[in-house]
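J.: File follows, input-v5.cif with mmCIF, C-alpha atoms:
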```cif
data_entry
loop_
_atom_site.label_atom_id
_atom_site.label_comp_id
_atom_site.auth_asym_id
_atom_site.auth_seq_id
_atom_site.Cartn_x
_atom_site.Cartn_y
_atom_site.Cartn_z
CA MET A 1 0.00 0.00 0.00
CA ALA A 2 1.33 3.34 -1.01
CA ASP A 3 1.87 6.14 1.45
CA PRO A 4 -1.09 8.44 2.18
CA MET A 5 -1.67 11.43 -0.05
CA LYS A 6 -1.20 14.88 1.34
CA ILE A 7 -4.26 16.94 0.53
CA ARG A 8 -4.78 20.61 1.24
CA ALA A 9 -8.19 22.08 0.52
CA GLN A 10 -8.86 25.69 1.34
CA MET A 11 -11.44 28.31 0.36
CA LYS A 12 -10.03 31.28 -1.53
CA GLY A 13 -12.99 33.59 -1.94
CA ASP A 14 -15.70 31.59 -3.72
CA ILE A 15 -13.30 29.01 -5.03
CA ALA A 16 -11.99 25.93 -3.28
CA ASP A 17 -8.30 25.50 -3.95
CA ILE A 18 -7.38 21.82 -3.73
CA ARG A 19 -3.81 20.58 -3.88
CA VAL A 20 -2.72 17.00 -3.58
CA LEU A 21 0.64 15.29 -3.38
CA MET A 22 0.62 11.60 -4.23
CA SER A 23 3.46 9.34 -3.24
CA HIS A 24 4.27 7.29 -6.32
CA PRO A 25 7.43 6.34 -8.28
CA MET A 26 5.86 7.07 -11.71
CA GLU A 27 8.33 4.80 -13.50
CA THR A 28 8.22 5.31 -17.25
CA GLY A 29 9.47 1.85 -18.20
CA GLN A 30 12.34 3.47 -20.12
CA ARG A 31 14.80 4.01 -17.30
CA LYS A 32 17.59 1.54 -16.56
CA GLY A 33 18.12 0.51 -12.96
CA GLY A 34 21.47 -0.15 -11.23
CA ASP A 35 21.66 -3.63 -12.79
CA GLY A 36 21.39 -2.21 -16.32
CA LYS A 37 17.94 -3.66 -16.84
CA LEU A 38 14.91 -1.55 -17.64
CA VAL A 39 12.80 -0.71 -14.61
CA PRO A 40 9.24 -1.83 -15.42
CA ALA A 41 6.68 0.91 -15.97
CA HIS A 42 4.72 1.76 -12.84
CA TYR A 43 2.60 4.88 -13.00
CA ILE A 44 -0.73 6.33 -11.93
CA ARG A 45 -3.33 6.07 -14.66
CA SER A 46 -6.52 7.34 -13.17
CA ILE A 47 -7.38 10.08 -10.69
CA THR A 48 -10.76 11.14 -9.36
CA LEU A 49 -11.73 14.06 -7.16
CA ASP A 50 -15.09 14.20 -5.37
CA VAL A 51 -16.28 17.23 -3.39
CA ALA A 52 -19.33 16.92 -1.14
CA GLY A 53 -20.18 13.57 -2.71
CA LYS A 54 -20.08 14.83 -6.30
CA ARG A 55 -17.51 13.87 -8.90
CA VAL A 56 -15.81 17.08 -10.03
CA ILE A 57 -12.66 15.86 -11.77
CA GLU A 58 -11.81 12.66 -13.56
CA GLY A 59 -8.28 12.45 -14.85
CA GLN A 60 -6.09 10.04 -16.77
CA THR A 61 -2.33 10.28 -16.63
CA GLY A 62 0.62 8.77 -18.45
CA PRO A 63 4.15 8.02 -17.20
CA ALA A 64 5.38 11.52 -18.08
CA VAL A 65 3.79 12.98 -14.95
CA SER A 66 6.63 13.63 -12.50
CA ARG A 67 7.52 11.31 -9.62
CA ASN A 68 5.39 11.97 -6.53
CA PRO A 69 2.78 13.82 -8.56
CA VAL A 70 1.37 17.13 -7.39
CA PHE A 71 -1.92 18.39 -8.77
CA GLY A 72 -3.76 21.63 -8.17
CA PHE A 73 -7.48 21.94 -8.86
CA LYS A 74 -10.05 24.69 -8.38
CA VAL A 75 -13.73 24.09 -7.67
CA MET A 76 -16.63 26.56 -7.66
CA GLY A 77 -19.70 25.99 -5.52
CA ALA A 78 -17.88 24.20 -2.72
CA LYS A 79 -17.82 25.51 0.84
CA ALA A 80 -15.78 25.14 3.99
CA GLY A 81 -16.51 21.84 5.70
CA ASP A 82 -17.26 19.95 2.47
CA LYS A 83 -15.63 16.56 2.24
CA VAL A 84 -12.92 16.11 -0.40
CA VAL A 85 -12.17 12.56 -1.56
CA ILE A 86 -9.30 11.80 -3.93
CA ASN A 87 -8.57 8.42 -5.45
CA TRP A 88 -5.86 7.11 -7.74
CA VAL A 89 -5.30 3.81 -9.52
CA ASP A 90 -2.02 2.81 -11.20
CA ASN A 91 -1.14 0.50 -14.09
CA LYS A 92 -0.51 -2.40 -11.69
CA GLY A 93 -3.92 -2.05 -10.10
CA ASP A 94 -2.62 -0.52 -6.87
CA LYS A 95 -4.93 2.14 -5.56
CA ARG A 96 -5.33 4.59 -2.76
CA THR A 97 -8.14 6.83 -1.49
CA ASP A 98 -7.68 9.68 0.96
CA GLU A 99 -9.96 12.44 2.18
CA THR A 100 -10.00 15.73 3.98
CA THR A 101 -12.40 18.61 4.54
CA ILE A 102 -12.24 22.07 3.00
CA ARG A 103 -10.88 24.65 5.41
CA GLU A 104 -12.06 28.23 5.72
CA MET B 1 -30.34 16.74 -25.44
CA ASP B 2 -30.89 16.37 -29.17
CA ALA B 3 -27.21 16.86 -29.74
CA LEU B 4 -26.48 14.11 -27.25
CA ARG B 5 -28.90 11.72 -28.89
CA ARG B 6 -27.34 12.43 -32.24
CA THR B 7 -23.90 11.79 -30.83
CA LEU B 8 -25.03 8.45 -29.46
CA LEU B 9 -26.82 7.51 -32.66
CA LYS B 10 -23.87 8.38 -34.79
CA GLY B 11 -21.88 5.97 -32.71
CA ALA B 12 -19.14 8.50 -32.19
CA GLY B 13 -16.25 7.38 -29.98
CA ALA B 14 -17.53 5.83 -26.78
CA THR B 15 -15.51 8.19 -24.62
CA GLY B 16 -16.97 11.21 -26.38
CA ALA B 17 -20.45 9.90 -25.76
CA VAL B 18 -19.78 9.35 -22.08
CA VAL B 19 -18.30 12.82 -21.69
CA ALA B 20 -21.25 14.33 -23.52
CA ALA B 21 -23.65 12.36 -21.34
CA MET B 22 -21.91 13.58 -18.21
CA ALA B 23 -21.94 17.17 -19.45
CA ALA B 24 -25.65 16.90 -20.14
CA GLY B 25 -26.20 15.53 -16.64
CA VAL B 26 -27.67 12.29 -17.93
CA LEU B 27 -25.14 10.06 -16.28
CA LYS B 28 -24.44 10.91 -12.69
CA PRO B 29 -20.65 11.03 -12.81
CA SER B 30 -20.17 9.72 -9.29
CA GLN B 31 -22.18 6.67 -10.23
CA ALA B 32 -20.88 6.23 -13.75
CA LEU B 33 -17.91 3.96 -14.13
CA ALA B 34 -14.69 5.83 -14.66
CA ALA B 35 -13.97 6.10 -18.34
CA GLU B 36 -11.75 3.34 -19.67
CA TYR B 37 -8.04 4.20 -19.82
CA ASN B 38 -7.35 5.74 -23.22
CA ARG B 39 -4.42 3.43 -23.91
CA ALA B 40 -4.22 4.22 -27.64
CA ALA B 41 -3.80 7.94 -26.98
CA PHE B 42 -1.41 7.60 -24.03
CA GLU B 43 0.81 5.11 -25.85
CA ALA B 44 0.87 6.99 -29.16
CA LYS B 45 4.48 7.70 -30.09
CA ASP B 46 3.99 10.99 -31.87
CA LEU B 47 1.94 14.12 -31.42
CA ALA B 48 -0.36 13.43 -34.37
CA GLY B 49 -1.21 10.00 -32.98
CA ALA B 50 -1.83 11.37 -29.49
CA LEU B 51 -4.07 14.14 -30.76
CA LYS B 52 -5.96 11.64 -32.89
CA GLY B 53 -6.33 9.38 -29.84
CA ILE B 54 -8.14 12.08 -27.90
CA GLY B 55 -10.15 13.10 -30.98
CA ALA B 56 -8.41 16.45 -31.31
CA ASP B 57 -6.57 15.99 -34.59
CA ASN B 58 -8.27 19.03 -36.10
CA ALA B 59 -8.00 21.29 -33.04
CA SER B 60 -7.71 24.97 -33.88
CA GLU B 61 -5.35 27.34 -32.07
CA ASN B 62 -7.15 29.61 -29.64
CA THR B 63 -5.97 32.18 -27.13
CA GLY B 64 -8.69 31.08 -24.71
CA VAL B 65 -6.46 28.16 -23.80
CA ALA B 66 -3.52 29.16 -21.62
CA ILE B 67 -0.32 27.40 -20.61
CA LYS B 68 1.79 28.69 -17.77
CA ALA B 69 5.21 27.07 -17.82
CA PRO B 70 8.79 28.23 -17.38
CA ASP B 71 10.62 29.39 -20.53
CA ILE B 72 13.64 27.42 -19.37
CA ALA B 73 13.35 24.36 -17.16
CA GLU B 74 16.56 23.51 -15.34
CA ASN B 75 15.34 20.07 -14.35
CA GLY B 76 13.39 18.17 -16.99
CA ALA B 77 12.20 15.66 -14.40
CA VAL B 78 10.01 18.24 -12.71
CA VAL B 79 8.57 20.94 -14.95
CA PRO B 80 5.69 22.83 -13.32
CA ILE B 81 2.86 23.45 -15.77
CA ASP B 82 -0.48 25.15 -15.29
CA VAL B 83 -3.11 24.80 -18.00
CA SER B 84 -6.44 26.59 -18.06
CA SER B 85 -9.23 27.57 -20.40
CA THR B 86 -11.45 30.64 -20.50
CA LEU B 87 -13.56 29.17 -23.31
CA PRO B 88 -17.21 28.81 -22.25
CA ASN B 89 -18.33 25.24 -21.47
CA THR B 90 -14.88 23.72 -21.39
CA VAL B 91 -15.39 20.08 -20.42
CA SER B 92 -11.86 18.74 -20.56
CA LEU B 93 -8.21 19.70 -20.78
CA SER B 94 -5.32 17.58 -22.00
CA VAL B 95 -1.59 18.19 -21.60
CA LEU B 96 0.90 17.01 -24.22
CA VAL B 97 4.68 17.27 -24.52
CA ASP B 98 5.54 17.15 -28.21
CA LYS B 99 8.95 15.47 -28.07
CA ASN B 100 8.41 13.03 -25.22
CA PRO B 101 8.40 9.32 -26.18
CA SER B 102 4.62 9.39 -25.66
CA PRO B 103 3.37 12.97 -25.97
CA LEU B 104 0.04 12.65 -24.13
CA THR B 105 0.77 13.27 -20.45
CA ALA B 106 -2.55 13.90 -18.75
CA ASP B 107 -6.19 14.41 -19.50
CA PHE B 108 -8.81 15.87 -17.13
CA VAL B 109 -12.60 15.98 -17.38
CA PHE B 110 -14.41 18.65 -15.35
CA SER B 111 -17.93 18.64 -13.95
CA ASN B 112 -20.02 19.93 -11.03
CA GLY B 113 -18.24 23.25 -10.62
CA ALA B 114 -14.64 22.26 -11.27
CA LEU B 115 -12.90 25.14 -13.03
CA PRO B 116 -11.10 24.16 -16.24
CA GLN B 117 -7.67 24.61 -14.75
CA VAL B 118 -5.06 22.13 -13.58
CA ALA B 119 -1.59 22.56 -12.15
CA LEU B 120 0.76 19.62 -12.44
CA ARG B 121 4.41 18.69 -12.84
CA VAL B 122 5.63 16.80 -15.87
CA LYS B 123 8.80 15.13 -17.14
CA MET B 124 10.41 16.44 -20.30
CA GLY B 125 13.17 14.54 -22.09
CA GLN B 126 14.34 17.54 -24.10
CA THR B 127 13.40 21.03 -25.21
CA SER B 128 9.93 20.77 -26.68
CA LEU B 129 6.62 22.42 -27.29
CA VAL B 130 4.08 21.86 -24.54
CA GLU B 131 0.51 21.72 -25.77
CA ALA B 132 -2.80 22.13 -23.98
CA VAL B 133 -6.00 20.98 -25.65
CA ALA B 134 -9.40 22.11 -24.42
CA LYS B 135 -12.60 20.41 -25.41
CA THR B 136 -15.86 22.35 -25.23
CA ALA B 137 -19.33 20.92 -24.68
CA ASP B 138 -20.14 21.21 -28.40
CA GLY B 139 -17.37 18.71 -29.14
CA LYS B 140 -14.86 21.19 -30.58
CA TYR B 141 -11.17 21.16 -29.69
CA TYR B 142 -8.88 24.13 -29.17
CA ILE B 143 -5.13 24.04 -28.70
CA ALA B 144 -2.41 26.29 -27.31
CA LYS B 145 1.36 25.77 -27.51
CA LYS B 146 4.35 27.00 -25.57
CA GLU B 147 8.00 26.11 -25.94
CA VAL B 148 9.91 25.04 -22.84
CA LYS B 149 13.68 24.76 -23.05
CA VAL B 150 15.15 21.93 -21.02
CA THR B 151 18.77 22.01 -19.89
CA VAL B 152 18.83 18.61 -18.13
CA GLY B 153 16.54 15.87 -19.44
CA GLY B 154 14.04 14.07 -17.24
CA CYS B 155 14.32 10.60 -18.66
CA GLY B 156 17.71 9.54 -17.32
CA GLY B 157 18.46 8.32 -13.80
#
```
Output the file's structure in the form of structure tokens.
T.:
Amino acid sequence: MADPMKIRAQMKGDIADIRVLMSHPMETGQRKGGDGKLVPAHYIRSITLDVAGKRVIEGQTGPAVSRNPVFGFKVMGAKAGDKVVINWVDNKGDKRTDETTIRE
Amino acid sequence: MDALRRTLLKGAGATGAVVAAMAAGVLKPSQALAAEYNRAAFEAKDLAGALKGIGADNASENTGVAIKAPDIAENGAVVPIDVSSTLPNTVSLSVLVDKNPSPLTADFVFSNGALPQVALRVKMGQTSLVEAVAKTADGKYYIAKKEVKVTVGGCGG
């Protein structure tokens, strides 16, 4: 199981500013390891963001997203106290879901 | 709704239909299954193939799509990029790096109040154009480009 995500969700005026850091190697499958062999590809493929029980963002990613991906999203119509749920799934089927609440 | 029905009848790409259905509020996104991974687009080896994979091969350039990225990236492994769209009814944004082994890097679909803007960090193997593609609810695609110079590539150790 991968390490927990770090999620920060904060109201900035009318807009919820949501930032997430995912802990993931994001191996491209093109890099050689210490033994000279290619390191197999291992990267996040799918990301979802729900706010207050509604799906707001659905994303797909390839291996060219940097290691330990950071994403910033902005959502209208959310308010302080709303629950934020973020989920990712990688190409090996590993997955992780974490949540937080939007701060004032 | 008529437009949606026509899309479905025409049998346009399944992903397009699902996105259109979500935009029209027919499918409740939180209940709909996540769209299938667009393997063909993400594994395309050139820009034309990647654009074709997301259906944007005839995207027109538009200043309503914005890319914020450094002019010179010192570390190609971590290039901060911010893409956004001011076009009305933007439903999705895609990020592509022209000269990467597989140009398509990320693709986001927005609904329920999400603003069409995403900040992320990408790997770049060499100096290249970065492209952002916005899709609007009427199924049209708009593209913006910005060159980012890379001094140290992101694909080595």
J.: Expand the PyMOL selection byres ((chain A) within 7 of (chain B)) into the explicit residue set it covers here, and present it as a list in words.
T.: Arg31, Lys54, Arg55, Val56, Ile57, Glu58, Gly59, Gln60, Thr61, Gly62, Ala64, Val65, Ser66, Pro69, Val70, Phe71, Gly72, Phe73, Lys74, Val75, Met76 and Gly77 of chain A
J.: Could you give me, as a PyMOL selection string, the residues within 6 Å of Ile86 (chain A), counting only C-alpha atoms and dropping anything in the same chain fewer than 6 positions from it?
T.: chain A and resi 48-49+97-98
J.: At a cut-off of 12 Å, using only C-alpha atoms, what residues contact region 62-64 of chain B? Leave out same-chain residues fewer than 4 positions from it and give the result as a list in words.
T.: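 Here the answer would be Val83, Ser84, Ser85, Thr86, Leu87, Pro88, Asn89, Thr90, Pro116, Gln117, Glu131, Ala132, Val133, Ala134, Lys135, Thr136, Lys140, Tyr141, Tyr142, Ile143, Ala144, Lys145 and Lys146 of chain B.
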J.: Mind telling me what the PyMOL selection byres ((chain A and resi 80) around 12) catches here, as a list in words?
T.: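 Those residues are Ala9, Gln10, Met11, Lys12, Gly13, Asp14, Ile15, Ala16, Asp17, Ile18, Val51, Ala52, Val75, Met76, Gly77, Ala78, Lys79, Gly81, Asp82, Lys83, Val84, Thr100, Thr101, Ile102, Arg103 and Glu104 of chain A.
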J.: Give me, as a list in words, all polymer residues having an atom no more than 10 Å from Thr127 (chain B), counting all atoms listed in the file and skipping those fewer than 5 positions away in the same chain.
T.: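 Skipping anything fewer than 5 positions along the chain leaves Asp71, Ile72, Ala73, Gly76, Val97, Asp98, Lys99, Asn100, Glu147, Val148, Lys149, Val150, Thr151, Val152 and Gly153 of chain B.
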J.: To one decimal place in Å, what is the distance between CA of Gly93 (chain A) and CA of Ser23 (chain A)?
T.: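 A separation of 15.2 Å between them.
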J.: What is the distance between CA of Gly49 (chain B) and CA of Leu129 (chain B), in Å to one decimal?
T.: 15.7 Å
J.: What is the CA of Pro63 (chain A) to CA of Met26 (chain A) distance in Å?
T.: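 CA of Pro63 (chain A) sits 5.8 Å away from CA of Met26 (chain A).
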J.: Taking the file as shown, find all residues satisfying the PyMOL selection byres ((chain A and resi 27) around 9) and write them as a ChimeraX atom specification.
T.: /A:24-26,28-31,39-43,63-64,67
J.: Print the selection's residues with C-alpha atoms to a file, as a PDB file, in the coordinates of the input.
T.:
```
ATOM      1  CA  HIS A  24       4.270   7.290  -6.320  1.00  0.00           C
ATOM      2  CA  PRO A  25       7.430   6.340  -8.280  1.00  0.00           C
ATOM      3  CA  MET A  26       5.860   7.070 -11.710  1.00  0.00           C
ATOM      4  CA  THR A  28       8.220   5.310 -17.250  1.00  0.00           C
ATOM      5  CA  GLY A  29       9.470   1.850 -18.200  1.00  0.00           C
ATOM      6  CA  GLN A  30      12.340   3.470 -20.120  1.00  0.00           C
ATOM      7  CA  ARG A  31      14.800   4.010 -17.300  1.00  0.00           C
ATOM      8  CA  VAL A  39      12.800  -0.710 -14.610  1.00  0.00           C
ATOM      9  CA  PRO A  40       9.240  -1.830 -15.420  1.00  0.00           C
ATOM     10  CA  ALA A  41       6.680   0.910 -15.970  1.00  0.00           C
ATOM     11  CA  HIS A  42       4.720   1.760 -12.840  1.00  0.00           C
ATOM     12  CA  TYR A  43       2.600   4.880 -13.000  1.00  0.00           C
ATOM     13  CA  PRO A  63       4.150   8.020 -17.200  1.00  0.00           C
ATOM     14  CA  ALA A  64       5.380  11.520 -18.080  1.00  0.00           C
ATOM     15  CA  ARG A  67       7.520  11.310  -9.620  1.00  0.00           C
TER      16      ARG A  67
END
```
J.: Quick one: region 77-111 of chain B with N, CA and C atoms, as a PDB file, in the frame of the given file?
T.:
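Output contents, as saved in selection-v5.pdb:
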```pdb
ATOM      1  N   ALA B  77      12.982  16.665 -15.121  1.00  0.00           N
ATOM      2  CA  ALA B  77      12.200  15.660 -14.400  1.00  0.00           C
ATOM      3  C   ALA B  77      11.008  16.272 -13.695  1.00  0.00           C
ATOM      4  N   VAL B  78      11.085  17.562 -13.440  1.00  0.00           N
ATOM      5  CA  VAL B  78      10.010  18.240 -12.710  1.00  0.00           C
ATOM      6  C   VAL B  78       9.791  19.605 -13.339  1.00  0.00           C
ATOM      7  N   VAL B  79       8.884  19.670 -14.301  1.00  0.00           N
ATOM      8  CA  VAL B  79       8.570  20.940 -14.950  1.00  0.00           C
ATOM      9  C   VAL B  79       7.154  21.340 -14.542  1.00  0.00           C
ATOM     10  N   PRO B  80       7.032  22.429 -13.765  1.00  0.00           N
ATOM     11  CA  PRO B  80       5.690  22.830 -13.320  1.00  0.00           C
ATOM     12  C   PRO B  80       4.908  23.451 -14.478  1.00  0.00           C
ATOM     13  N   ILE B  81       3.699  22.978 -14.669  1.00  0.00           N
ATOM     14  CA  ILE B  81       2.860  23.450 -15.770  1.00  0.00           C
ATOM     15  C   ILE B  81       1.461  23.713 -15.227  1.00  0.00           C
ATOM     16  N   ASP B  82       0.883  24.797 -15.692  1.00  0.00           N
ATOM     17  CA  ASP B  82      -0.480  25.150 -15.290  1.00  0.00           C
ATOM     18  C   ASP B  82      -1.263  25.396 -16.569  1.00  0.00           C
ATOM     19  N   VAL B  83      -2.304  24.611 -16.799  1.00  0.00           N
ATOM     20  CA  VAL B  83      -3.110  24.800 -18.000  1.00  0.00           C
ATOM     21  C   VAL B  83      -4.509  25.235 -17.585  1.00  0.00           C
ATOM     22  N   SER B  84      -5.097  26.121 -18.381  1.00  0.00           N
ATOM     23  CA  SER B  84      -6.440  26.590 -18.060  1.00  0.00           C
ATOM     24  C   SER B  84      -7.131  27.015 -19.345  1.00  0.00           C
ATOM     25  N   SER B  85      -8.444  27.160 -19.245  1.00  0.00           N
ATOM     26  CA  SER B  85      -9.230  27.570 -20.400  1.00  0.00           C
ATOM     27  C   SER B  85     -10.246  28.598 -19.970  1.00  0.00           C
ATOM     28  N   THR B  86     -10.390  29.659 -20.760  1.00  0.00           N
ATOM     29  CA  THR B  86     -11.450  30.640 -20.500  1.00  0.00           C
ATOM     30  C   THR B  86     -12.574  30.462 -21.510  1.00  0.00           C
ATOM     31  N   LEU B  87     -12.499  29.423 -22.332  1.00  0.00           N
ATOM     32  CA  LEU B  87     -13.560  29.170 -23.310  1.00  0.00           C
ATOM     33  C   LEU B  87     -14.808  28.710 -22.554  1.00  0.00           C
ATOM     34  N   PRO B  88     -15.990  29.239 -22.934  1.00  0.00           N
ATOM     35  CA  PRO B  88     -17.210  28.810 -22.250  1.00  0.00           C
ATOM     36  C   PRO B  88     -17.451  27.312 -22.442  1.00  0.00           C
ATOM     37  N   ASN B  89     -17.975  26.667 -21.405  1.00  0.00           N
ATOM     38  CA  ASN B  89     -18.330  25.240 -21.470  1.00  0.00           C
ATOM     39  C   ASN B  89     -17.152  24.341 -21.809  1.00  0.00           C
ATOM     40  N   THR B  90     -16.006  24.629 -21.227  1.00  0.00           N
ATOM     41  CA  THR B  90     -14.880  23.720 -21.390  1.00  0.00           C
ATOM     42  C   THR B  90     -15.155  22.472 -20.549  1.00  0.00           C
ATOM     43  N   VAL B  91     -15.103  21.309 -21.167  1.00  0.00           N
ATOM     44  CA  VAL B  91     -15.390  20.080 -20.420  1.00  0.00           C
ATOM     45  C   VAL B  91     -14.146  19.286 -20.105  1.00  0.00           C
ATOM     46  N   SER B  92     -13.070  19.484 -20.889  1.00  0.00           N
ATOM     47  CA  SER B  92     -11.860  18.740 -20.560  1.00  0.00           C
ATOM     48  C   SER B  92     -10.627  19.475 -21.038  1.00  0.00           C
ATOM     49  N   LEU B  93      -9.503  19.142 -20.406  1.00  0.00           N
ATOM     50  CA  LEU B  93      -8.210  19.700 -20.780  1.00  0.00           C
ATOM     51  C   LEU B  93      -7.211  18.557 -20.854  1.00  0.00           C
ATOM     52  N   SER B  94      -6.366  18.581 -21.885  1.00  0.00           N
ATOM     53  CA  SER B  94      -5.320  17.580 -22.000  1.00  0.00           C
ATOM     54  C   SER B  94      -3.972  18.298 -22.089  1.00  0.00           C
ATOM     55  N   VAL B  95      -2.939  17.637 -21.571  1.00  0.00           N
ATOM     56  CA  VAL B  95      -1.590  18.190 -21.600  1.00  0.00           C
ATOM     57  C   VAL B  95      -0.713  17.252 -22.428  1.00  0.00           C
ATOM     58  N   LEU B  96       0.013  17.823 -23.393  1.00  0.00           N
ATOM     59  CA  LEU B  96       0.900  17.010 -24.220  1.00  0.00           C
ATOM     60  C   LEU B  96       2.275  17.644 -24.276  1.00  0.00           C
ATOM     61  N   VAL B  97       3.305  16.801 -24.330  1.00  0.00           N
ATOM     62  CA  VAL B  97       4.680  17.270 -24.520  1.00  0.00           C
ATOM     63  C   VAL B  97       5.154  16.664 -25.842  1.00  0.00           C
ATOM     64  N   ASP B  98       5.295  17.542 -26.833  1.00  0.00           N
ATOM     65  CA  ASP B  98       5.540  17.150 -28.210  1.00  0.00           C
ATOM     66  C   ASP B  98       6.630  16.082 -28.370  1.00  0.00           C
ATOM     67  N   LYS B  99       7.804  16.337 -27.783  1.00  0.00           N
ATOM     68  CA  LYS B  99       8.950  15.470 -28.070  1.00  0.00           C
ATOM     69  C   LYS B  99       9.183  14.367 -27.052  1.00  0.00           C
ATOM     70  N   ASN B 100       8.266  14.174 -26.125  1.00  0.00           N
ATOM     71  CA  ASN B 100       8.410  13.030 -25.220  1.00  0.00           C
ATOM     72  C   ASN B 100       8.116  11.742 -25.993  1.00  0.00           C
ATOM     73  N   PRO B 101       8.629  10.588 -25.476  1.00  0.00           N
ATOM     74  CA  PRO B 101       8.400   9.320 -26.180  1.00  0.00           C
ATOM     75  C   PRO B 101       6.912   9.064 -26.432  1.00  0.00           C
ATOM     76  N   SER B 102       6.076   9.407 -25.462  1.00  0.00           N
ATOM     77  CA  SER B 102       4.620   9.390 -25.660  1.00  0.00           C
ATOM     78  C   SER B 102       4.115  10.777 -25.288  1.00  0.00           C
ATOM     79  N   PRO B 103       3.680  11.560 -26.265  1.00  0.00           N
ATOM     80  CA  PRO B 103       3.370  12.970 -25.970  1.00  0.00           C
ATOM     81  C   PRO B 103       2.239  13.188 -24.970  1.00  0.00           C
ATOM     82  N   LEU B 104       1.174  12.384 -25.027  1.00  0.00           N
ATOM     83  CA  LEU B 104       0.040  12.650 -24.130  1.00  0.00           C
ATOM     84  C   LEU B 104       0.452  12.372 -22.684  1.00  0.00           C
ATOM     85  N   THR B 105       0.301  13.372 -21.830  1.00  0.00           N
ATOM     86  CA  THR B 105       0.770  13.270 -20.450  1.00  0.00           C
ATOM     87  C   THR B 105      -0.393  13.145 -19.483  1.00  0.00           C
ATOM     88  N   ALA B 106      -1.415  13.935 -19.683  1.00  0.00           N
ATOM     89  CA  ALA B 106      -2.550  13.900 -18.750  1.00  0.00           C
ATOM     90  C   ALA B 106      -3.777  14.474 -19.427  1.00  0.00           C
ATOM     91  N   ASP B 107      -4.911  14.044 -18.906  1.00  0.00           N
ATOM     92  CA  ASP B 107      -6.190  14.410 -19.500  1.00  0.00           C
ATOM     93  C   ASP B 107      -7.196  14.514 -18.353  1.00  0.00           C
ATOM     94  N   PHE B 108      -7.893  15.658 -18.254  1.00  0.00           N
ATOM     95  CA  PHE B 108      -8.810  15.870 -17.130  1.00  0.00           C
ATOM     96  C   PHE B 108     -10.189  16.257 -17.635  1.00  0.00           C
ATOM     97  N   VAL B 109     -11.213  15.666 -17.032  1.00  0.00           N
ATOM     98  CA  VAL B 109     -12.600  15.980 -17.380  1.00  0.00           C
ATOM     99  C   VAL B 109     -13.226  16.685 -16.176  1.00  0.00           C
ATOM    100  N   PHE B 110     -13.875  17.815 -16.435  1.00  0.00           N
ATOM    101  CA  PHE B 110     -14.410  18.650 -15.350  1.00  0.00           C
ATOM    102  C   PHE B 110     -15.927  18.569 -15.312  1.00  0.00           C
ATOM    103  N   SER B 111     -16.478  18.593 -14.095  1.00  0.00           N
ATOM    104  CA  SER B 111     -17.930  18.640 -13.950  1.00  0.00           C
ATOM    105  C   SER B 111     -18.271  19.190 -12.573  1.00  0.00           C
TER     106      SER B 111
END
```
